[in-house]
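*Asks:* I'm passing along upload_0.tsv; it holds TSV, C-alpha atoms and all ligand atoms.
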chain	number	residue	atom	x	y	z
A	964	MET	CA	-22.35	1.24	-4.62
A	965	ARG	CA	-20.98	3.86	-7.00
A	966	SER	CA	-19.78	2.82	-10.43
A	967	ALA	CA	-16.16	3.49	-11.32
A	968	MET	CA	-17.23	4.09	-14.91
A	969	ASN	CA	-18.74	7.49	-14.04
A	970	ILE	CA	-15.81	8.94	-12.18
A	971	GLU	CA	-13.44	11.58	-13.46
A	972	PRO	CA	-9.86	10.38	-13.82
A	973	ASP	CA	-7.69	11.93	-11.15
A	974	GLY	CA	-4.27	10.44	-11.57
A	975	ILE	CA	-5.49	7.01	-10.47
A	976	PRO	CA	-5.98	4.20	-13.00
A	977	MET	CA	-9.69	4.03	-13.73
A	978	ASN	CA	-11.72	1.07	-14.89
A	979	ALA	CA	-13.10	3.20	-17.70
A	980	THR	CA	-9.69	3.71	-19.29
A	981	HIS	CA	-8.44	0.16	-18.89
A	982	PRO	CA	-10.66	-2.38	-20.66
A	983	GLU	CA	-8.42	-5.20	-19.44
A	984	THR	CA	-9.62	-4.40	-15.92
A	985	GLN	CA	-12.51	-6.74	-16.70
A	986	GLY	CA	-10.35	-9.57	-15.39
A	987	TYR	CA	-9.42	-7.83	-12.15
A	988	ASP	CA	-11.40	-8.09	-8.92
A	989	LEU	CA	-9.52	-5.28	-7.12
A	990	ASP	CA	-8.14	-2.08	-8.60
A	991	VAL	CA	-5.53	-1.43	-5.88
A	992	LEU	CA	-4.10	-3.88	-3.33
A	993	ALA	CA	-1.51	-3.00	-0.68
A	994	VAL	CA	0.70	-5.93	0.38
A	995	MET	CA	2.62	-4.98	3.51
A	996	ALA	CA	4.58	-6.73	6.25
A	997	HIS	CA	2.60	-5.86	9.39
A	998	PRO	CA	-0.91	-4.73	10.31
A	999	ASP	CA	-0.78	-0.88	10.26
A	1000	ASP	CA	1.95	-0.66	7.57
A	1001	ALA	CA	-0.64	-0.13	4.82
A	1002	GLU	CA	-2.30	2.63	6.84
A	1003	LEU	CA	1.03	4.32	7.57
A	1004	LEU	CA	2.43	4.11	4.05
A	1005	CYS	CA	-0.60	4.54	1.78
A	1006	GLY	CA	-3.73	4.74	3.97
A	1007	ALA	CA	-4.92	8.06	2.58
A	1008	THR	CA	-4.43	6.83	-0.99
A	1009	LEU	CA	-6.48	3.70	-0.24
A	1010	ALA	CA	-9.26	5.82	1.29
A	1011	LYS	CA	-9.24	8.14	-1.72
A	1012	CYS	CA	-9.38	5.23	-4.15
A	1013	ALA	CA	-12.34	3.68	-2.30
A	1014	ASP	CA	-14.17	7.02	-2.26
A	1015	ARG	CA	-13.62	7.28	-6.02
A	1016	GLY	CA	-15.31	3.91	-6.55
A	1017	LEU	CA	-12.14	1.86	-6.96
A	1018	ARG	CA	-12.01	-1.58	-5.35
A	1019	THR	CA	-9.25	-1.70	-2.74
A	1020	GLY	CA	-7.74	-4.31	-0.47
A	1021	VAL	CA	-4.86	-5.10	1.87
A	1022	ILE	CA	-2.78	-8.21	2.52
A	1023	ASP	CA	-0.92	-8.11	5.84
A	1024	LEU	CA	1.90	-10.62	5.46
A	1025	THR	CA	2.27	-11.25	9.23
A	1026	ARG	CA	0.13	-10.83	12.33
A	1027	GLY	CA	2.66	-8.59	14.02
A	1028	GLU	CA	3.07	-11.12	16.79
A	1029	ALA	CA	6.68	-10.06	17.47
A	1030	GLY	CA	5.64	-6.49	18.28
A	1031	THR	CA	6.24	-5.28	21.80
A	1032	ARG	CA	2.75	-3.83	22.13
A	1033	GLY	CA	-0.65	-5.51	21.92
A	1034	THR	CA	-1.40	-9.13	20.98
A	1035	PRO	CA	-2.02	-10.77	17.59
A	1036	GLU	CA	-5.74	-11.05	18.46
A	1037	LEU	CA	-5.95	-7.37	19.33
A	1038	ARG	CA	-4.04	-6.37	16.22
A	1039	ALA	CA	-6.45	-8.44	14.10
A	1040	GLN	CA	-9.39	-6.54	15.62
A	1041	GLU	CA	-7.61	-3.25	15.02
A	1042	ALA	CA	-6.86	-4.20	11.38
A	1043	ALA	CA	-10.52	-5.07	10.80
A	1044	ALA	CA	-11.63	-1.73	12.26
A	1045	ALA	CA	-9.12	0.15	10.09
A	1046	ALA	CA	-10.31	-1.75	7.01
A	1047	GLU	CA	-13.80	-0.45	7.71
A	1048	VAL	CA	-12.54	3.13	7.97
A	1049	LEU	CA	-10.63	2.83	4.69
A	1050	GLY	CA	-13.56	1.20	2.86
A	1051	LEU	CA	-11.53	-1.88	1.87
A	1052	ARG	CA	-13.29	-4.63	-0.07
A	1053	ALA	CA	-10.91	-7.27	1.29
A	1054	ARG	CA	-8.25	-7.66	3.94
A	1055	ARG	CA	-6.32	-10.91	4.32
A	1056	ASN	CA	-3.55	-12.02	6.63
A	1057	ALA	CA	-0.95	-14.33	5.08
A	1058	GLY	CA	0.08	-15.64	8.52
A	1059	LEU	CA	3.81	-15.54	7.73
A	1060	PRO	CA	6.21	-15.25	10.70
A	1061	ASP	CA	6.69	-11.72	12.03
A	1062	ALA	CA	10.32	-10.55	12.36
A	1063	GLN	CA	11.37	-13.69	10.46
A	1064	LEU	CA	9.89	-12.91	7.05
A	1065	VAL	CA	11.82	-14.69	4.31
A	1066	ASN	CA	11.40	-14.77	0.55
A	1067	ASN	CA	11.39	-18.53	0.10
A	1068	PRO	CA	9.26	-20.92	-2.03
A	1069	ALA	CA	6.69	-21.52	0.75
A	1070	ALA	CA	6.19	-17.78	1.38
A	1071	ARG	CA	6.01	-17.01	-2.34
A	1072	ARG	CA	3.41	-19.75	-2.80
A	1073	ARG	CA	1.31	-18.41	0.10
A	1074	VAL	CA	1.35	-14.84	-1.25
A	1075	ALA	CA	0.79	-16.00	-4.84
A	1076	GLU	CA	-2.34	-17.88	-3.72
A	1077	LEU	CA	-3.72	-14.74	-2.09
A	1078	ILE	CA	-2.89	-12.72	-5.23
A	1079	ARG	CA	-4.76	-15.31	-7.30
A	1080	GLU	CA	-7.72	-15.08	-4.93
A	1081	LEU	CA	-7.92	-11.26	-4.87
A	1082	ARG	CA	-6.90	-10.57	-8.53
A	1083	PRO	CA	-5.60	-6.99	-8.09
A	1084	ARG	CA	-4.70	-4.74	-11.03
A	1085	VAL	CA	-2.10	-2.64	-9.18
A	1086	VAL	CA	-0.15	-3.83	-6.14
A	1087	ILE	CA	1.47	-1.42	-3.69
A	1088	THR	CA	4.24	-2.74	-1.47
A	1089	HIS	CA	7.16	-1.51	0.63
A	1090	TRP	CA	10.23	0.27	-0.69
A	1091	THR	CA	13.15	-2.06	-1.40
A	1092	GLN	CA	15.02	-0.85	1.70
A	1093	GLY	CA	13.49	-0.75	5.14
A	1094	ARG	CA	14.18	0.07	8.76
A	1095	HIS	CA	12.58	-3.26	9.67
A	1096	PRO	CA	14.09	-6.25	7.81
A	1097	ASP	CA	10.55	-7.56	7.15
A	1098	HIS	CA	9.84	-4.45	5.07
A	1099	ARG	CA	12.79	-5.03	2.75
A	1100	VAL	CA	11.92	-8.71	2.41
A	1101	ALA	CA	8.23	-7.91	1.86
A	1102	ALA	CA	9.07	-5.72	-1.14
A	1103	GLU	CA	11.00	-8.52	-2.85
A	1104	LEU	CA	8.63	-11.29	-1.77
A	1105	THR	CA	5.58	-9.39	-3.02
A	1106	ARG	CA	7.09	-8.62	-6.41
A	1107	ASP	CA	8.24	-12.21	-6.89
A	1108	ALA	CA	4.87	-13.64	-5.79
A	1109	CYS	CA	3.01	-11.34	-8.22
A	1110	PHE	CA	5.11	-12.68	-11.08
A	1111	LEU	CA	4.91	-16.32	-10.03
A	1112	ALA	CA	1.11	-16.13	-9.53
A	1113	GLY	CA	0.87	-15.81	-13.30
A	1114	LEU	CA	2.68	-19.08	-13.99
A	1115	ARG	CA	0.27	-21.91	-14.75
A	1116	GLY	CA	2.87	-24.43	-13.64
A	1117	LEU	CA	3.30	-22.93	-10.15
A	1118	ASP	CA	2.61	-25.47	-7.40
A	1119	ALA	CA	-0.11	-23.37	-5.75
A	1120	GLU	CA	-3.88	-23.17	-5.36
A	1121	GLY	CA	-5.94	-21.02	-7.71
A	1122	THR	CA	-6.05	-19.98	-11.33
A	1123	ALA	CA	-2.96	-18.38	-12.86
A	1124	PHE	CA	-3.18	-14.60	-12.60
A	1125	ARG	CA	-0.66	-11.76	-12.70
A	1126	PRO	CA	-1.23	-8.13	-11.58
A	1127	PHE	CA	-0.71	-5.40	-14.17
A	1128	ALA	CA	1.84	-3.44	-12.12
A	1129	VAL	CA	3.69	-3.28	-8.81
A	1130	VAL	CA	4.68	0.04	-7.23
A	1131	HIS	CA	6.49	0.92	-4.01
A	1132	ALA	CA	5.12	3.20	-1.27
A	1133	THR	CA	8.18	5.24	-0.25
A	1134	ALA	CA	6.78	7.40	2.56
A	1135	PHE	CA	9.27	8.20	5.34
A	1136	ARG	CA	12.19	6.52	3.50
A	1137	GLU	CA	15.13	8.89	3.12
A	1138	ASP	CA	16.92	6.46	0.78
A	1139	ALA	CA	14.13	6.14	-1.79
A	1140	GLY	CA	15.02	9.24	-3.81
A	1141	PRO	CA	12.41	11.46	-5.42
A	1142	PRO	CA	9.05	9.73	-5.88
A	1143	SER	CA	7.91	8.72	-9.37
A	1144	PHE	CA	4.52	10.17	-8.48
A	1145	VAL	CA	2.68	11.67	-5.52
A	1146	VAL	CA	-1.03	11.13	-4.94
A	1147	ASP	CA	-2.87	14.25	-3.76
A	1148	VAL	CA	-4.51	13.11	-0.52
A	1149	THR	CA	-5.32	16.54	0.87
A	1150	ASP	CA	-8.92	15.57	1.59
A	1151	TRP	CA	-8.00	12.16	3.03
A	1152	VAL	CA	-5.41	12.92	5.73
A	1153	ASP	CA	-8.06	12.80	8.42
A	1154	ARG	CA	-9.25	9.36	7.26
A	1155	LYS	CA	-5.66	8.12	7.39
A	1156	ALA	CA	-5.42	9.41	10.96
A	1157	GLU	CA	-8.74	7.78	11.79
A	1158	ALA	CA	-7.56	4.44	10.37
A	1159	LEU	CA	-4.30	4.66	12.31
A	1160	ALA	CA	-6.19	5.51	15.48
A	1161	CYS	CA	-7.78	2.04	15.24
A	1162	TYR	CA	-4.36	0.67	16.25
A	1163	GLY	CA	-4.64	2.03	19.76
A	1164	SER	CA	-2.40	-0.73	21.14
A	1165	GLN	CA	0.47	0.47	18.97
A	1166	LEU	CA	0.13	4.21	19.15
A	1167	GLU	CA	-0.37	5.39	22.69
A	1168	GLY	CA	2.25	7.89	23.81
A	1169	ILE	CA	4.76	7.24	21.06
A	1170	THR	CA	6.61	9.62	18.73
A	1171	ALA	CA	7.88	7.07	16.18
A	1172	LEU	CA	6.44	3.93	14.56
A	1173	GLY	CA	7.57	1.62	11.75
A	1174	GLU	CA	9.31	3.73	9.12
A	1175	VAL	CA	8.24	6.95	10.89
A	1176	ARG	CA	11.20	8.17	12.94
A	1177	SER	CA	10.65	10.67	15.68
A	1178	GLY	CA	10.77	14.41	15.15
A	1179	GLY	CA	12.09	15.11	18.60
A	1180	GLY	CA	9.13	15.02	20.95
A	1181	ARG	CA	6.58	15.75	18.23
A	1182	PRO	CA	3.53	13.46	18.57
A	1183	LEU	CA	3.37	10.65	16.00
A	1184	GLY	CA	0.30	12.07	14.25
A	1185	ASP	CA	1.98	15.45	13.77
A	1186	GLN	CA	5.15	13.78	12.53
A	1187	ILE	CA	3.18	11.81	9.92
A	1188	ARG	CA	1.37	14.95	8.76
A	1189	SER	CA	4.67	16.81	8.48
A	1190	TRP	CA	6.02	14.20	6.08
A	1191	MET	CA	2.76	14.16	4.12
A	1192	ALA	CA	2.88	17.96	3.83
A	1193	ALA	CA	6.42	17.75	2.45
A	1194	TYR	CA	5.33	15.17	-0.16
A	1195	GLY	CA	2.29	17.29	-1.00
A	1196	SER	CA	4.50	20.31	-1.64
A	1197	LEU	CA	6.26	18.34	-4.40
A	1198	ILE	CA	3.03	18.54	-6.41
A	1199	ARG	CA	1.93	21.92	-4.92
A	1200	VAL	CA	-0.88	20.55	-2.77
A	1201	ALA	CA	-1.34	20.41	1.00
A	1202	TYR	CA	-0.78	16.68	1.55
A	1203	GLY	CA	0.48	13.80	-0.55
A	1204	GLU	CA	1.65	10.19	-0.40
A	1205	PRO	CA	4.73	9.24	-2.48
A	1206	PHE	CA	5.34	6.21	-4.69
A	1207	ARG	CA	8.15	4.82	-6.83
A	1208	SER	CA	7.52	2.93	-10.04
A	1209	GLU	CA	10.24	0.89	-11.71
A	1210	GLU	CA	8.50	1.61	-15.00
A	1211	THR	CA	8.44	4.98	-16.77
A	1212	LEU	CA	5.14	6.80	-16.35
A	1213	ALA	CA	3.35	7.76	-19.57
A	1214	LEU	CA	1.61	11.06	-20.37
A	1215	ASP	CA	-0.76	11.56	-23.27
A	1216	SER	CA	1.13	14.75	-24.14
A	1217	PRO	CA	3.27	17.43	-22.44
A	1218	ALA	CA	0.09	19.49	-22.26
A	1219	ALA	CA	-1.17	17.06	-19.64
A	1220	LEU	CA	1.45	18.12	-17.08
A	1221	THR	CA	-0.14	19.30	-13.83
A	1222	VAL	CA	2.74	20.45	-11.58
A	1223	PRO	CA	3.93	24.01	-12.28
A	1224	THR	CA	7.64	24.75	-12.78
A	1225	PHE	CA	7.43	28.30	-11.34
A	1301	ZN	ZN	5.98	-2.90	9.49
Please express what this file holds, its structure, as structure tokens.
*Replies:*
Amino acid sequence: MRSAMNIEPDGIPMNATHPETQGYDLDVLAVMAHPDDAELLCGATLAKCADRGLRTGVIDLTRGEAGTRGTPELRAQEAAAAAEVLGLRARRNAGLPDAQLVNNPAARRRVAELIRELRPRVVITHWTQGRHPDHRVAAELTRDACFLAGLRGLDAEGTAFRPFAVVHATAFREDAGPPSFVVDVTDWVDRKAEALACYGSQLEGITALGEVRSGGGRPLGDQIRSWMAAYGSLIRVAYGEPFRSEETLALDSPAALTVPTF
């Protein structure tokens, strides 16, 4: 296993620059509503992080049992195969009800317990609006659970723990506004496609999926790449994945800017 301490910073929080990371067991954790959401929204970023020695994971909040294609058992197998492709250290399923996701005390407790178990530094979740109601609820539920996990008095299993930051993956959302940052995933688009291909039950012969609306008759894979190319162009690279942070991003100095004006 490669050590994160020897890796050049590349816009991703590195263990070497964050001493407090000592208390974290994962560097990046995606918490998403359905199996395949993490791959669709930030799969290339997760693959890049893993290749750079960062410890990554995914929590799928539901088993996708309300989907019209496949079965929960098949989707679990597909999620495990995709986890292998992405190099995840951990993938958990919270077992919350698909298409009926609610942000209530029981759901918050369940997610907080998984957060306490996995101890992530940065959590990625959905944008605050979604085509699927579960996506909108997942964004709020995840943020609330991350906060509550840090309360010693919470009626939940595990030791109190709170992630350092929560960010939103805004890919394919027209209402999210300009991203706070875009991760250059030019060398990881094929891995994202490979991870998505694990979900064969969901993908055959379709032109739209989840937040990805159709581009006429363009195949789903081409449609995804088209969006990623547009996000990449925002930072003058071939392919990118976009994120929104509610916090202001810090630079060491203006000299550290990397995206040209002209
Ligand atoms: Zn979904």
*Asks:* For the interface of chain A with ligand ZN 1301 (chain A) (cut-off 7 Å, counting all atoms listed in the file), please tabulate each contacting residue of chain A alongside its nearest pair of atoms and their separation in Å to one decimal, rows sorted by chain and increasing number, as a tab-separated table.
*Replies:*
residue	atom	partner	partner_atom	distance
A:Ala996	CA	A:ZN1301	ZN	5.2
A:His997	CA	A:ZN1301	ZN	4.5
A:Asp1000	CA	A:ZN1301	ZN	5.0
A:His1095	CA	A:ZN1301	ZN	6.6
A:Asp1097	CA	A:ZN1301	ZN	6.9
A:His1098	CA	A:ZN1301	ZN	6.1
A:Gly1173	CA	A:ZN1301	ZN	5.3
*Asks:* Based on the selection just made, write C-alpha atoms of those residues as a short mmCIF file (atom, residue, chain, number, x, y, z; two decimals), keeping the file's coordinate frame.
*Replies:*
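And here's part11.cif as it stands now:
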data_model
loop_
_atom_site.label_atom_id
_atom_site.label_comp_id
_atom_site.auth_asym_id
_atom_site.auth_seq_id
_atom_site.Cartn_x
_atom_site.Cartn_y
_atom_site.Cartn_z
CA ALA A 996 4.58 -6.73 6.25
CA HIS A 997 2.60 -5.86 9.39
CA ASP A 1000 1.95 -0.66 7.57
CA HIS A 1095 12.58 -3.26 9.67
CA ASP A 1097 10.55 -7.56 7.15
CA HIS A 1098 9.84 -4.45 5.07
CA GLY A 1173 7.57 1.62 11.75
#
*Asks:* May I ask for the distance between atom CA of Ile1198 of chain A and atom CA of Pro1083 of chain A, given in Å to one decimal place?
*Replies:*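 We find that atom CA of Ile1198 of chain A and atom CA of Pro1083 of chain A lie 27.0 Å from each other.
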*Asks:* Using all atoms listed in the file, pick whichever of A:Ala1193, A:Val1100, A:Ala1158, A:Ala1213 has the shortest atom-to-atom distance to Asn1067 of chain A.
*Replies:*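 Residue with the minimum atom-to-atom distance to Asn1067 of chain A: A:Val1100.
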*Asks:* Find the smallest box with edges along x, y and z containing every listed atom of segment 1002-1014 of chain A, then add 8 Å on each side and report centre and edge lengths in Å to one decimal, as AutoDock Vina command-line options.
*Replies:*
--center_x -5.9 --center_y 5.4 --center_z 1.7 --size_x 32.6 --size_y 21.5 --size_z 27.7
*Asks:* Need to verify the contact set: segment 1127-1136 of chain A, 7 Å, all atoms listed in the file, exclusion of same-chain residues closer than 3 positions in sequence. Can you return it as a ChimeraX atom specification?
*Replies:* /A:1004-1005,1084-1090,1106,1139,1174-1175,1190,1204-1208
*Asks:* Closest to Ala1171 of chain A among A:Asp1185, A:Glu1120, A:Asp1138, A:Glu1076, using all atoms listed in the file?
*Replies:*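 Of all the options, A:Asp1185 lies closest to Ala1171 of chain A.
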*Asks:* To one decimal in Å, tell me the separation between atom CA of Gly1180 of chain A and atom CA of Asp1147 of chain A.
*Replies:*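 Going from atom CA of Gly1180 of chain A over to atom CA of Asp1147 of chain A, I get 27.5 Å.
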*Asks:* Which one is closest to Ala1112 of chain A: A:Asp1023, A:Glu1210, A:Glu1080, A:Glu1137? Count all atoms listed in the file.
*Replies:*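 Going through A:Asp1023, A:Glu1210, A:Glu1080, A:Glu1137 one by one, the smallest distance to Ala1112 of chain A is for A:Glu1080.
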*Asks:* Identify the residues around (-7.2, 0.2, 6.4) within a radius of 9 Å, measuring from only C-alpha atoms in the coordinates stated by the file, and give them as a list in words.
*Replies:*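 In the file's frame, the residues around the point are Pro998, Asp999, Ala1001, Glu1002, Gly1006, Leu1009, Ala1010, Gly1020, Val1021, Ala1042, Ala1043, Ala1044, Ala1045, Ala1046, Glu1047, Val1048, Leu1049, Gly1050, Leu1051, Arg1054, Lys1155, Ala1158 and Leu1159 of chain A.
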*Asks:* Excluding Ile1169 of chain A and residues on its chain fewer than 2 positions from it, collect all residues at most 9 Å away from it, counting all atoms listed in the file, and give them as a PyMOL selection string.
*Replies:* chain A and resi 1165-1167+1171-1172+1177+1180+1182-1183
*Asks:* For a test of reading the model, state the distance in Å between atom CA of Arg1125 of chain A and atom CA of Gly986 of chain A, rounded to one decimal.
*Replies:*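 Interatomic distance here is 10.3 Å.
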*Asks:* Kindly indicate which residue among A:Leu1081, A:Leu1024, A:Ala1070, A:Cys1161 lies nearest to Asp990 of chain A, using all atoms listed in the file for the distances.
*Replies:*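 For Asp990 of chain A, the nearest of the given residues is A:Leu1081.
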*Asks:* Pick the closest to Asp1014 of chain A from A:Val1148, A:Arg1181, A:Arg1099, A:Leu1212: which is it, counting all atoms listed in the file?
*Replies:*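 That would be A:Val1148, the residue with the smallest distance to Asp1014 of chain A.
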*Asks:* With all atoms listed in the file counted, which protein, DNA or RNA residues have an atom no more than 9 Å from (-2.7, -14.6, -0.3) in the file frame? Please answer as a ChimeraX atom specification.
*Replies:* /A:1022,1024,1055-1057,1072-1081
*Asks:* With a distance cut-off of 12 Å and all atoms listed in the file, select the neighbouring residues of Asp1150 of chain A, excluding the residue or stretch itself and same-chain residues fewer than 4 positions from it, and output the selection as a list in words.
*Replies:*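 Counting all atoms listed in the file, the residues come to Ala1007, Thr1008, Ala1010, Lys1011, Cys1012, Asp1014, Val1146, Arg1154, Lys1155, Ala1156, Gly1195, Val1200, Ala1201, Tyr1202 and Gly1203 of chain A.
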